[in-house]
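Novice: Input run25.cif, format and content: mmCIF, C-alpha atoms and all ligand atoms.
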```
data_protein
#
loop_
_atom_site.label_atom_id
_atom_site.label_comp_id
_atom_site.auth_asym_id
_atom_site.auth_seq_id
_atom_site.Cartn_x
_atom_site.Cartn_y
_atom_site.Cartn_z
CA MET A 21 225.56 108.60 191.02
CA ASN A 22 228.25 109.59 188.55
CA SER A 23 228.95 113.20 187.88
CA ARG A 24 229.57 113.91 184.26
CA THR A 25 233.22 114.47 183.39
CA GLU A 26 235.08 114.96 180.18
CA PHE A 27 235.27 111.57 178.48
CA PRO A 28 238.78 110.17 178.87
CA SER A 29 239.83 108.47 175.67
CA ALA A 30 241.86 106.07 177.81
CA ALA A 31 238.48 104.66 178.92
CA LEU A 32 238.18 102.92 175.58
CA GLU A 33 240.96 100.55 176.69
CA THR A 34 240.33 100.62 180.40
CA ALA A 35 240.65 97.36 182.33
CA VAL A 36 237.27 95.80 183.10
CA SER A 37 236.27 92.56 184.76
CA ARG A 38 233.24 90.66 186.00
CA SER A 39 233.15 92.78 189.18
CA ASP A 40 232.19 95.81 187.05
CA PHE A 41 229.02 94.08 185.86
CA ASP A 42 226.96 94.72 188.99
CA ALA A 43 228.10 98.34 189.13
CA LEU A 44 227.44 99.17 185.48
CA MET A 45 224.75 96.92 184.05
CA VAL A 46 220.99 96.83 184.54
CA PRO A 47 220.70 93.68 186.67
CA THR A 48 218.85 91.46 184.19
CA TYR A 49 221.53 88.76 184.24
CA ALA A 50 223.85 87.09 186.73
CA PRO A 51 226.78 86.13 184.49
CA SER A 52 229.58 83.74 185.41
CA THR A 53 232.85 85.05 186.79
CA VAL A 54 234.52 83.77 183.61
CA VAL A 55 234.87 86.53 181.00
CA PRO A 56 235.77 85.03 177.62
CA VAL A 57 237.92 87.28 175.46
CA ARG A 58 238.67 85.14 172.40
CA GLY A 59 237.06 82.22 170.56
CA GLN A 60 238.24 79.74 167.99
CA GLY A 61 236.05 76.86 166.84
CA VAL A 62 234.68 75.02 169.87
CA TRP A 63 237.08 76.78 172.28
CA LEU A 64 236.89 79.99 174.32
CA ASP A 65 239.80 81.64 176.17
CA ASP A 66 239.49 83.99 179.14
CA ALA A 67 241.88 86.87 179.86
CA GLU A 68 244.09 84.62 182.03
CA GLY A 69 244.53 82.20 179.13
CA ARG A 70 242.30 79.48 180.58
CA ARG A 71 240.68 77.51 177.77
CA TYR A 72 237.06 76.33 177.85
CA LEU A 73 235.31 73.75 175.70
CA ASP A 74 232.13 75.57 174.67
CA PHE A 75 229.13 73.21 174.64
CA THR A 76 226.65 76.10 174.77
CA SER A 77 227.29 77.83 171.42
CA GLY A 78 226.19 81.00 173.24
CA ILE A 79 222.73 79.38 173.71
CA GLY A 80 222.47 77.78 170.29
CA VAL A 81 223.92 80.69 168.33
CA THR A 82 227.53 79.97 167.28
CA SER A 83 226.69 76.68 165.59
CA LEU A 84 229.63 77.10 163.20
CA GLY A 85 231.95 77.71 166.14
CA HIS A 86 233.79 80.90 166.96
CA ALA A 87 235.60 82.77 164.17
CA HIS A 88 234.42 80.46 161.38
CA PRO A 89 236.52 81.41 158.31
CA ALA A 90 233.62 81.60 155.80
CA VAL A 91 231.54 83.77 158.13
CA LEU A 92 234.50 86.04 158.92
CA GLU A 93 235.19 86.44 155.23
CA ALA A 94 231.57 87.33 154.48
CA LEU A 95 231.55 89.91 157.29
CA HIS A 96 234.85 91.50 156.22
CA ARG A 97 233.89 91.61 152.58
CA GLN A 98 230.51 93.23 153.28
CA ALA A 99 232.01 95.64 155.85
CA GLU A 100 234.10 97.13 153.05
CA GLN A 101 231.09 97.47 150.72
CA VAL A 102 228.16 99.00 152.62
CA TRP A 103 226.87 98.57 156.20
CA HIS A 104 223.47 100.21 156.17
CA ILE A 105 221.14 101.84 153.71
CA GLY A 106 217.68 101.98 155.31
CA ASN A 107 214.46 100.44 154.07
CA GLY A 108 213.88 103.10 151.41
CA TYR A 109 216.39 101.04 149.40
CA THR A 110 216.88 97.33 149.15
CA ASN A 111 220.28 95.63 149.01
CA GLN A 112 221.92 92.63 147.40
CA PRO A 113 222.69 90.59 150.55
CA VAL A 114 219.07 90.67 151.80
CA LEU A 115 217.76 89.54 148.41
CA ARG A 116 220.33 86.75 148.18
CA LEU A 117 219.46 85.64 151.71
CA ALA A 118 215.74 85.66 150.91
CA ARG A 119 216.37 83.66 147.74
CA ALA A 120 218.37 81.07 149.73
CA LEU A 121 215.79 80.75 152.51
CA THR A 122 212.84 80.45 150.14
CA SER A 123 214.58 77.93 147.91
CA LEU A 124 215.38 75.75 150.96
CA THR A 125 211.92 75.83 152.60
CA PHE A 126 208.13 75.80 152.10
CA ALA A 127 208.19 79.62 152.18
CA ASP A 128 208.14 82.11 149.34
CA ARG A 129 208.26 85.34 151.38
CA VAL A 130 210.75 86.51 154.02
CA PHE A 131 210.79 89.29 156.63
CA VAL A 132 214.21 89.95 158.15
CA ALA A 133 214.48 91.17 161.75
CA ASN A 134 217.24 91.43 164.36
CA SER A 135 216.39 88.72 166.89
CA GLY A 136 214.18 85.77 167.68
CA ALA A 137 211.72 87.89 169.63
CA GLU A 138 211.40 90.28 166.69
CA ALA A 139 210.87 87.42 164.23
CA ASN A 140 208.10 86.08 166.49
CA GLU A 141 206.63 89.55 167.02
CA ALA A 142 206.35 89.85 163.22
CA ALA A 143 204.80 86.36 162.98
CA LEU A 144 202.20 87.08 165.67
CA LYS A 145 201.30 90.50 164.25
CA LEU A 146 201.00 88.98 160.78
CA ALA A 147 198.74 86.23 162.15
CA ARG A 148 196.48 88.85 163.73
CA LYS A 149 196.30 90.87 160.50
CA TYR A 150 195.69 87.78 158.39
CA GLY A 151 193.06 86.56 160.86
CA LYS A 152 191.16 89.85 160.43
CA THR A 153 190.86 89.14 156.70
CA ARG A 154 188.97 85.97 157.65
CA GLY A 155 186.60 87.38 160.26
CA ALA A 156 186.68 90.21 162.80
CA GLN A 157 186.59 87.79 165.74
CA ARG A 158 189.54 85.68 164.62
CA THR A 159 192.18 87.14 166.95
CA ARG A 160 193.11 84.53 169.59
CA ILE A 161 196.62 83.08 169.72
CA VAL A 162 197.15 79.63 171.20
CA SER A 163 200.54 78.63 172.57
CA CYS A 164 202.00 75.98 174.85
CA LEU A 165 202.85 75.97 178.50
CA GLN A 166 206.61 75.97 179.16
CA SER A 167 207.19 77.51 175.72
CA PHE A 168 209.56 80.42 175.14
CA HIS A 169 209.12 82.93 172.34
CA GLY A 170 211.16 85.99 173.41
CA ARG A 171 211.06 88.94 175.82
CA THR A 172 209.05 91.70 174.17
CA LEU A 173 205.76 92.22 175.97
CA PHE A 174 203.78 90.42 173.25
CA THR A 175 206.18 87.46 172.84
CA VAL A 176 206.70 87.03 176.57
CA SER A 177 202.91 86.99 177.03
CA VAL A 178 202.55 84.35 174.32
CA GLY A 179 205.34 82.32 175.98
CA GLY A 180 204.12 79.78 178.49
CA GLN A 181 206.25 80.66 181.52
CA PRO A 182 204.40 82.93 183.99
CA LYS A 183 207.64 83.78 185.84
CA TYR A 184 208.67 85.90 182.82
CA THR A 185 205.47 88.02 182.76
CA GLU A 186 205.23 88.62 186.51
CA GLY A 187 205.06 92.34 187.25
CA PHE A 188 204.58 93.36 183.60
CA GLU A 189 200.78 93.32 183.68
CA PRO A 190 198.50 94.35 182.08
CA LEU A 191 199.44 91.83 179.39
CA PRO A 192 198.05 91.85 175.84
CA PRO A 193 194.73 89.97 175.74
CA GLY A 194 193.59 87.21 173.37
CA ILE A 195 196.21 84.59 174.25
CA SER A 196 195.52 81.05 175.53
CA HIS A 197 197.99 78.48 176.85
CA ILE A 198 197.63 74.73 176.58
CA ALA A 199 199.72 71.76 177.72
CA PHE A 200 202.48 70.82 175.25
CA ASN A 201 202.09 67.48 173.43
CA ASP A 202 198.44 67.22 174.60
CA ILE A 203 196.22 66.67 171.55
CA ALA A 204 192.94 66.76 173.49
CA ALA A 205 193.86 70.16 174.95
CA ALA A 206 194.58 71.47 171.45
CA GLU A 207 191.25 70.15 170.17
CA ALA A 208 189.44 71.97 172.95
CA ALA A 209 191.37 75.26 172.57
CA ILE A 210 191.45 75.77 168.80
CA GLY A 211 188.07 77.32 168.07
CA ASP A 212 187.02 79.53 165.17
CA ASP A 213 188.23 82.61 167.08
CA VAL A 214 191.86 81.42 166.80
CA CYS A 215 194.13 83.16 164.29
CA ALA A 216 197.26 81.13 165.04
CA VAL A 217 198.83 78.34 167.03
CA ILE A 218 202.53 78.84 167.80
CA VAL A 219 204.77 75.98 168.91
CA GLU A 220 208.45 75.05 169.16
CA PRO A 221 208.97 71.68 167.43
CA VAL A 222 211.55 71.08 170.16
CA GLN A 223 211.00 73.18 173.29
CA GLY A 224 214.37 74.65 174.29
CA GLU A 225 214.16 76.87 177.37
CA GLY A 226 211.24 74.76 178.65
CA GLY A 227 213.49 71.72 179.17
CA VAL A 228 214.67 70.35 175.78
CA LEU A 229 211.41 68.56 175.00
CA PRO A 230 210.64 67.40 171.45
CA ALA A 231 207.05 67.54 170.22
CA SER A 232 205.68 64.12 169.32
CA ARG A 233 205.02 63.37 165.66
CA GLU A 234 201.33 62.78 166.42
CA TYR A 235 201.12 66.15 168.17
CA LEU A 236 202.48 68.28 165.31
CA GLN A 237 200.40 66.31 162.82
CA ALA A 238 197.29 66.87 164.94
CA LEU A 239 198.03 70.61 165.22
CA ARG A 240 198.37 70.81 161.43
CA LYS A 241 195.04 69.06 160.94
CA LEU A 242 193.22 71.14 163.57
CA CYS A 243 194.58 74.41 162.17
CA ASP A 244 193.47 73.42 158.66
CA GLU A 245 189.99 72.38 159.80
CA ARG A 246 189.41 75.46 161.93
CA GLY A 247 191.10 78.11 159.77
CA ALA A 248 194.04 78.99 162.03
CA LEU A 249 197.66 79.50 160.98
CA LEU A 250 200.35 77.17 162.32
CA ILE A 251 203.55 78.95 163.38
CA PHE A 252 206.72 76.99 164.14
CA ASP A 253 209.20 78.84 166.34
CA GLU A 254 212.51 77.33 165.23
CA VAL A 255 214.64 80.08 166.74
CA GLN A 256 216.53 77.50 168.82
CA CYS A 257 215.85 74.14 167.14
CA GLY A 258 216.32 75.35 163.55
CA MET A 259 219.38 75.97 161.36
CA GLY A 260 220.76 72.44 161.47
CA ARG A 261 220.61 72.01 165.26
CA THR A 262 218.61 68.76 165.07
CA GLY A 263 220.45 67.38 162.02
CA LYS A 264 218.00 68.79 159.45
CA LEU A 265 218.03 72.40 158.30
CA PHE A 266 214.75 72.88 160.19
CA ALA A 267 213.44 70.58 162.92
CA HIS A 268 209.95 70.27 161.40
CA GLU A 269 211.49 68.35 158.48
CA HIS A 270 211.72 65.36 160.87
CA TYR A 271 207.95 65.42 161.31
CA GLY A 272 206.51 65.59 157.82
CA VAL A 273 204.52 68.67 158.89
CA VAL A 274 204.82 72.05 157.17
CA PRO A 275 203.92 75.29 158.99
CA ASP A 276 202.31 78.42 157.54
CA ILE A 277 204.88 80.66 159.23
CA LEU A 278 208.35 79.76 160.50
CA THR A 279 210.68 81.88 162.62
CA THR A 280 214.45 81.50 162.82
CA ALA A 281 217.20 83.52 164.53
CA LYS A 282 219.96 82.43 166.96
CA ALA A 283 222.23 80.30 164.71
CA LEU A 284 221.13 82.22 161.60
CA GLY A 285 223.79 84.87 162.27
CA ASN A 286 226.31 82.71 164.17
CA GLY A 287 226.55 85.61 166.63
CA PHE A 288 225.63 88.54 164.41
CA PRO A 289 222.14 89.69 165.51
CA VAL A 290 219.61 88.62 162.87
CA GLY A 291 216.27 86.83 162.74
CA ALA A 292 213.78 86.00 160.02
CA MET A 293 210.12 85.17 159.54
CA LEU A 294 209.31 82.91 156.61
CA THR A 295 205.84 82.48 155.16
CA ARG A 296 203.76 82.06 151.99
CA SER A 297 202.83 84.92 149.67
CA ASP A 298 199.07 84.55 150.31
CA ILE A 299 199.64 85.10 154.05
CA ALA A 300 202.37 87.74 153.60
CA ALA A 301 199.86 89.77 151.55
CA ALA A 302 198.08 90.68 154.81
CA PHE A 303 201.07 92.95 155.58
CA SER A 304 200.71 95.88 153.20
CA VAL A 305 203.37 98.58 152.77
CA GLY A 306 203.86 100.34 156.10
CA ALA A 307 202.16 97.64 158.20
CA HIS A 308 205.35 96.54 159.97
CA GLY A 309 209.05 97.35 159.95
CA THR A 310 212.37 97.76 161.70
CA THR A 311 215.30 100.10 160.99
CA TYR A 312 218.02 97.47 161.02
CA GLY A 313 216.01 94.52 159.69
CA GLY A 314 217.55 93.22 156.48
CA ASN A 315 220.68 95.33 156.77
CA PRO A 316 223.51 94.27 154.44
CA LEU A 317 226.01 93.26 157.15
CA ALA A 318 223.62 90.91 158.96
CA CYS A 319 222.34 89.44 155.71
CA ALA A 320 225.81 88.84 154.24
CA VAL A 321 226.72 86.96 157.43
CA ALA A 322 223.44 85.02 157.51
CA LEU A 323 223.82 84.04 153.87
CA SER A 324 227.26 82.55 154.55
CA VAL A 325 225.83 80.66 157.54
CA VAL A 326 222.84 79.30 155.63
CA SER A 327 224.92 78.25 152.65
CA THR A 328 227.31 76.37 154.96
CA ILE A 329 224.73 74.64 157.17
CA ALA A 330 222.33 73.72 154.36
CA GLN A 331 224.96 71.60 152.60
CA PRO A 332 223.81 67.94 152.74
CA ALA A 333 227.31 66.84 153.78
CA PHE A 334 227.32 69.35 156.66
CA LEU A 335 223.96 68.12 157.94
CA GLU A 336 225.08 64.49 157.52
CA ARG A 337 228.20 65.19 159.63
CA THR A 338 225.98 66.93 162.24
CA ARG A 339 223.86 63.78 162.51
CA GLN A 340 227.01 61.63 162.88
CA ALA A 341 228.37 63.91 165.60
CA ALA A 342 224.99 63.80 167.37
CA ASP A 343 225.03 59.97 167.26
CA ARG A 344 228.45 59.93 168.91
CA LEU A 345 227.35 62.42 171.56
CA TRP A 346 224.11 60.51 172.31
CA THR A 347 225.92 57.17 172.59
CA GLY A 348 228.34 58.70 175.10
CA LEU A 349 225.60 60.46 177.07
CA GLN A 350 223.49 57.31 177.27
CA ARG A 351 226.56 55.52 178.63
CA LEU A 352 227.03 58.33 181.15
CA GLN A 353 223.39 58.12 182.19
CA ALA A 354 223.69 54.33 182.63
CA ALA A 355 226.82 54.85 184.77
CA PHE A 356 225.07 57.48 186.96
CA PRO A 357 221.38 56.53 187.09
CA GLN A 358 221.16 58.08 190.57
CA LEU A 359 222.08 61.48 188.99
CA PHE A 360 220.56 61.42 185.49
CA LYS A 361 217.20 59.84 184.82
CA GLN A 362 216.96 60.57 181.08
CA VAL A 363 218.77 61.84 178.01
CA ARG A 364 216.33 63.66 175.72
CA GLY A 365 216.17 66.10 172.84
CA SER A 366 216.97 65.93 169.15
CA GLY A 367 220.31 65.86 167.34
CA MET A 368 222.72 68.39 168.83
CA MET A 369 220.08 69.77 171.18
CA VAL A 370 220.32 67.56 174.26
CA GLY A 371 218.99 67.61 177.81
CA LEU A 372 220.31 65.54 180.70
CA VAL A 373 217.35 65.28 183.05
CA LEU A 374 218.37 65.18 186.72
CA ALA A 375 216.99 62.37 188.85
CA ASP A 376 214.45 63.36 191.51
CA ALA A 377 217.09 63.24 194.26
CA TYR A 378 218.94 66.06 192.45
CA LYS A 379 215.89 68.17 191.53
CA GLY A 380 216.59 71.88 191.18
CA ARG A 381 220.37 71.49 190.92
CA ALA A 382 221.02 71.93 187.19
CA LYS A 383 222.60 75.36 187.75
CA GLU A 384 224.99 73.89 190.32
CA PHE A 385 225.99 71.14 187.87
CA THR A 386 226.76 73.67 185.13
CA ARG A 387 228.97 75.57 187.59
CA LEU A 388 230.91 72.38 188.24
CA THR A 389 231.41 71.69 184.52
CA GLU A 390 232.70 75.26 184.16
CA GLN A 391 235.31 74.54 186.84
CA HIS A 392 236.35 71.62 184.63
CA GLN A 393 236.54 74.06 181.71
CA LEU A 394 233.48 72.70 179.94
CA LEU A 395 230.67 75.22 179.37
CA THR A 396 227.14 73.81 179.62
CA LEU A 397 223.65 75.29 180.05
CA MET A 398 220.56 74.61 182.07
CA ALA A 399 217.00 74.41 180.68
CA GLY A 400 214.85 74.96 183.72
CA PRO A 401 215.98 73.89 187.20
CA ASP A 402 216.19 70.15 186.50
CA VAL A 403 217.77 69.83 183.05
CA VAL A 404 221.42 70.23 182.03
CA ARG A 405 221.40 71.35 178.40
CA LEU A 406 224.10 70.79 175.78
CA LEU A 407 224.11 72.80 172.53
CA PRO A 408 227.56 72.12 171.08
CA PRO A 409 228.71 73.86 167.92
CA LEU A 410 227.72 71.66 164.98
CA VAL A 411 231.35 71.74 163.78
CA VAL A 412 232.57 69.86 166.87
CA SER A 413 235.04 67.05 166.11
CA ASP A 414 234.84 63.47 167.39
CA ALA A 415 237.86 64.13 169.63
CA GLU A 416 236.17 67.23 171.11
CA ILE A 417 232.96 65.27 171.76
CA ASP A 418 235.01 62.59 173.55
CA GLU A 419 236.80 65.28 175.57
CA ALA A 420 233.47 66.79 176.66
CA LEU A 421 232.14 63.35 177.60
CA ALA A 422 235.27 62.66 179.66
CA ARG A 423 234.82 65.97 181.53
CA LEU A 424 231.12 65.27 182.11
CA GLN A 425 232.03 61.85 183.52
CA ILE A 426 234.45 63.44 186.01
CA CYS A 427 231.84 66.08 186.95
CA ALA A 428 229.13 63.45 187.48
CA GLY A 429 231.48 61.49 189.76
CA GLU A 430 232.33 64.58 191.81
CA PHE A 431 228.71 65.76 191.97
CA VAL A 432 227.50 62.42 193.28
CA ALA A 433 230.43 62.11 195.71
CA LYS A 434 229.85 65.51 197.33
CA ALA A 435 226.08 65.18 197.58
C1 LIG A 501 215.94 82.38 172.23
C2 LIG A 501 214.58 82.12 171.75
C3 LIG A 501 213.73 83.17 171.35
C4 LIG A 501 214.11 84.63 171.53
O1 LIG A 501 215.19 84.99 170.72
P1 LIG A 501 215.95 86.37 171.02
O2 LIG A 501 216.94 86.48 169.90
O3 LIG A 501 216.58 86.21 172.37
O4 LIG A 501 214.95 87.44 171.03
C5 LIG A 501 212.50 82.86 170.81
N1 LIG A 501 212.11 81.58 170.69
C6 LIG A 501 212.90 80.54 171.06
C7 LIG A 501 212.41 79.16 170.85
C8 LIG A 501 214.14 80.78 171.62
O5 LIG A 501 214.90 79.77 172.02
#
```
Can you turn what I pasted into structure tokens?

Specialist:
Amino acid sequence: MNSRTEFPSAALETAVSRSDFDALMVPTYAPSTVVPVRGQGVWLDDAEGRRYLDFTSGIGVTSLGHAHPAVLEALHRQAEQVWHIGNGYTNQPVLRLARALTSLTFADRVFVANSGAEANEAALKLARKYGKTRGAQRTRIVSCLQSFHGRTLFTVSVGGQPKYTEGFEPLPPGISHIAFNDIAAAEAAIGDDVCAVIVEPVQGEGGVLPASREYLQALRKLCDERGALLIFDEVQCGMGRTGKLFAHEHYGVVPDILTTAKALGNGFPVGAMLTRSDIAAAFSVGAHGTTYGGNPLACAVALSVVSTIAQPAFLERTRQAADRLWTGLQRLQAAFPQLFKQVRGSGMMVGLVLADAYKGRAKEFTRLTEQHQLLTLMAGPDVVRLLPPLVVSDAEIDEALARLQICAGEFVAKA
């Protein structure tokens, strides 16, 4: 235990390293020994000057790369105007952001929050409130196994991964889980007590699994027939990640509520829930809120991100980059069929599925790519996940593919 001492101002600049993590932090993470100190585009430097090719985007967040000039400019400009006002006043950045998001989507109402979990929390609470307007019994939420919707008690309970709720019981009631991409299961589960179905158009944490077109179309039809709202959680797959501004645009299916976060702020914490005015009306003044939600700094940053990513030429280049990456990864998979059994995902959201002989070793593979100064992610124990910044160049894609090739060779040789 520390005894309290006078705070030394030198502590503001004190040397820290990975070894301090276990001594100082609540042990919710087990971070790498690499401590990045600077980022530029697709590259991260550690304190020793080692340079890493970042194919994680901080888990799908820094889609415009590190230190993107337009985002930096927006942040600096707003920082000199006003940082925070409180919800007793509105502000120009939040209104401009809401105008941009509504003009680009099905939605005509926006709630701004600080994270993906908060955006989903708002969506689920709104669905419950709206459900009440259509019958006292309409309270059940249906979600998919393997899904991920955040870490608040409500969102983690709605998520379909029991390992994340273990020990946090009692959990909120009125939630059912069904198999993803299983239309018959949805038909059986969506009764007239259901207020909402929530689904990721491309499951991220659950293993980089796209929904089938038939599945999302069937969910839309079932929700319409049985009076439930359809919520798309696009916290990870949205904001250009799949080559469209939002992933559901690939499917020809429109939700009633959409949530976005992660890449929305390119690293500045912000999330948003988008919906229609007839549904939004179920939230009256005072029904929901958050101190920081819609603050001018976050919204100025998010507006610069949205107005960059939503450009047709930007999305077209994202699709081109994804084609190059997929071609290379399919070649890699063909060269190492004993290691990778499948390449799956959508656009710049890709999973390399380990062959059965390598089951459970995705974490180990990401550690090897880190040694080769390429940062990658896992998505469950058997999937190596790549979420490169959407601004990645052809040369940087080729460099990542070359490093993956070397890693695959080493991984197979040592096994
Ligand atoms: C990351 C994620 C969340 C949670 O977002 P936070 O900002 O970490 O709260 C919710 N849904 C999906 C699909 C995610 O990938």

Novice: Using all atoms listed in the file, which of A:Leu250, A:Ala205, A:Leu173, A:Ala199 sits nearest ligand LIG 501 (chain A)?

Specialist: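 That would be A:Leu173, the residue with the smallest distance to ligand LIG 501 (chain A).
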
Novice: Fewer than 2 positions away in the same chain doesn't count, so skip those; otherwise give me all residues within 12 Å of Glu245 in chain A, counting all atoms listed in the file, as a ChimeraX atom specification.

Specialist: /A:207,210-212,214,238-243,247-250

Novice: Hey, could you make a per-residue contact list for chain A against ligand LIG 501 (chain A) with 7 Å as the cut-off, showing the nearest pair of atoms and its distance in Å to one decimal, counting only C-alpha atoms and all ligand atoms, sorted by chain and number, as a tab-separated table?

Specialist:
```
residue	atom	partner	partner_atom	distance
A:Ser135	CA	A:LIG501	O2	3.8
A:Gly136	CA	A:LIG501	O1	3.3
A:Ala137	CA	A:LIG501	O4	3.5
A:Glu138	CA	A:LIG501	O4	6.3
A:Asn140	CA	A:LIG501	C5	7.0
A:Phe168	CA	A:LIG501	N1	5.3
A:His169	CA	A:LIG501	N1	3.7
A:Gly170	CA	A:LIG501	C4	3.8
A:Arg171	CA	A:LIG501	O4	6.4
A:Glu220	CA	A:LIG501	C7	6.0
A:Gln223	CA	A:LIG501	C7	6.6
A:Gly224	CA	A:LIG501	O5	5.6
A:Glu225	CA	A:LIG501	O5	6.1
A:Asp253	CA	A:LIG501	C7	5.5
A:Glu254	CA	A:LIG501	C7	5.9
A:Val255	CA	A:LIG501	C6	4.7
A:Gln256	CA	A:LIG501	O5	4.2
A:Ala281	CA	A:LIG501	O2	6.1
A:Lys282	CA	A:LIG501	O2	5.8
```

Novice: Record the distance separating CA of Phe200 in chain A and CA of Gly400 in chain A, expressed in Å with one decimal.

Specialist: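 One can read the CA of Phe200 in chain A to CA of Gly400 in chain A distance as 15.6 Å.
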
Novice: Calculated over all atoms listed in the file, which of the candidates A:Ser196, A:Ser77, A:Ser39, A:Gln101 has the smallest distance to Gly61 in chain A?

Specialist: A:Ser77

Novice: Give me, as a ChimeraX atom specification, all polymer residues having an atom no more than 9 Å from range 378-394 of chain A, counting only C-alpha atoms and skipping those fewer than 3 positions away in the same chain.

Specialist: /A:52,54,70-75,358-360,373-375,397-405,420,423-424,426-428,430-431,435

Novice: Mind writing the picked residues with C-alpha atoms as a PDB file, in the coordinates of the input?

Specialist:
```
ATOM      1  CA  SER A  52     229.580  83.740 185.410  1.00  0.00           C
ATOM      2  CA  VAL A  54     234.520  83.770 183.610  1.00  0.00           C
ATOM      3  CA  ARG A  70     242.300  79.480 180.580  1.00  0.00           C
ATOM      4  CA  ARG A  71     240.680  77.510 177.770  1.00  0.00           C
ATOM      5  CA  TYR A  72     237.060  76.330 177.850  1.00  0.00           C
ATOM      6  CA  LEU A  73     235.310  73.750 175.700  1.00  0.00           C
ATOM      7  CA  ASP A  74     232.130  75.570 174.670  1.00  0.00           C
ATOM      8  CA  PHE A  75     229.130  73.210 174.640  1.00  0.00           C
ATOM      9  CA  GLN A 358     221.160  58.080 190.570  1.00  0.00           C
ATOM     10  CA  LEU A 359     222.080  61.480 188.990  1.00  0.00           C
ATOM     11  CA  PHE A 360     220.560  61.420 185.490  1.00  0.00           C
ATOM     12  CA  VAL A 373     217.350  65.280 183.050  1.00  0.00           C
ATOM     13  CA  LEU A 374     218.370  65.180 186.720  1.00  0.00           C
ATOM     14  CA  ALA A 375     216.990  62.370 188.850  1.00  0.00           C
ATOM     15  CA  LEU A 397     223.650  75.290 180.050  1.00  0.00           C
ATOM     16  CA  MET A 398     220.560  74.610 182.070  1.00  0.00           C
ATOM     17  CA  ALA A 399     217.000  74.410 180.680  1.00  0.00           C
ATOM     18  CA  GLY A 400     214.850  74.960 183.720  1.00  0.00           C
ATOM     19  CA  PRO A 401     215.980  73.890 187.200  1.00  0.00           C
ATOM     20  CA  ASP A 402     216.190  70.150 186.500  1.00  0.00           C
ATOM     21  CA  VAL A 403     217.770  69.830 183.050  1.00  0.00           C
ATOM     22  CA  VAL A 404     221.420  70.230 182.030  1.00  0.00           C
ATOM     23  CA  ARG A 405     221.400  71.350 178.400  1.00  0.00           C
ATOM     24  CA  ALA A 420     233.470  66.790 176.660  1.00  0.00           C
ATOM     25  CA  ARG A 423     234.820  65.970 181.530  1.00  0.00           C
ATOM     26  CA  LEU A 424     231.120  65.270 182.110  1.00  0.00           C
ATOM     27  CA  ILE A 426     234.450  63.440 186.010  1.00  0.00           C
ATOM     28  CA  CYS A 427     231.840  66.080 186.950  1.00  0.00           C
ATOM     29  CA  ALA A 428     229.130  63.450 187.480  1.00  0.00           C
ATOM     30  CA  GLU A 430     232.330  64.580 191.810  1.00  0.00           C
ATOM     31  CA  PHE A 431     228.710  65.760 191.970  1.00  0.00           C
ATOM     32  CA  ALA A 435     226.080  65.180 197.580  1.00  0.00           C
TER      33      ALA A 435
END
```

Novice: Centre and edge lengths, as JSON, for the axis-aligned box enclosing every listed atom of range 388-403 of chain A with 3 Å of padding on each of the six sides, in Å to one decimal?

Specialist:
```
{"center_x": 225.7, "center_y": 72.6, "center_z": 183.8, "size_x": 27.7, "size_y": 11.5, "size_z": 14.9}
```

Novice: Restricting the calculation to only C-alpha atoms, which member of A:Gln362, A:Gly272, A:Val326, A:Val412 is positioned closest to Ala94 in chain A?

Specialist: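 Ranking A:Gln362, A:Gly272, A:Val326, A:Val412 by distance to Ala94 in chain A, first place goes to A:Val326.
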
Novice: Can you work out the spacing between CA of Phe188 in chain A and CA of Leu165 in chain A in Å, to one decimal?

Specialist: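 Those two atoms sit 18.2 Å apart.
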
Novice: Counting all atoms listed in the file, figure out which residue out of A:Thr338, A:Gly429, A:Gly106, A:Arg97 gets nearest to Asn315 in chain A.

Specialist: A:Gly106

Novice: Nearest to Ala322 in chain A among A:Arg116, A:Arg261, A:Arg148, A:Arg58, with distances taken over only C-alpha atoms: which residue is it?

Specialist: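 Using only C-alpha atoms, the shortest distance to Ala322 in chain A belongs to A:Arg116.
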
Novice: Please, what distance in Å, to one decimal, runs between CA of Val370 in chain A and CA of Ala143 in chain A?

Specialist: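 About the pair CA of Val370 in chain A and CA of Ala143 in chain A: they are 26.9 Å apart.
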
Novice: Using all atoms listed in the file, pick whichever of A:Ser37, A:Asn286, A:Ser123, A:Ser297 has the shortest atom-to-atom distance to Tyr150 in chain A.

Specialist: A:Ser297

Novice: Is it possible to get the residues within 10 Å of (215.0, 73.5, 164.4) (coordinates as in the file, counting only C-alpha atoms) written as a PyMOL selection string?

Specialist: chain A and resi 220-224+252-270+278-280+283+366-367+369

Novice: Could you make a table, as JSON lines, of the residues of range 173-204 of chain A that have an atom within 9 Å of an atom of range 151-161 of chain A, each with its nearest atom pair and distance in Å to one decimal, counting only C-alpha atoms, in chain and number order?

Specialist:
```
{"residue": "A:Val178", "atom": "CA", "partner": "A:Ile161", "partner_atom": "CA", "distance": 7.6}
{"residue": "A:Pro193", "atom": "CA", "partner": "A:Arg160", "partner_atom": "CA", "distance": 8.4}
{"residue": "A:Gly194", "atom": "CA", "partner": "A:Arg160", "partner_atom": "CA", "distance": 4.7}
{"residue": "A:Ile195", "atom": "CA", "partner": "A:Ile161", "partner_atom": "CA", "distance": 4.8}
{"residue": "A:Ser196", "atom": "CA", "partner": "A:Ile161", "partner_atom": "CA", "distance": 6.3}
{"residue": "A:His197", "atom": "CA", "partner": "A:Ile161", "partner_atom": "CA", "distance": 8.6}
```

Novice: Give me the residues within 9 Å of Leu323 in chain A as a VMD selection string, counting all atoms listed in the file and dropping any in the same chain fewer than 3 places off.

Specialist: chain A and resid 91 94 113 to 114 116 to 118 120 to 121 284 to 285 318 to 320 326 to 328
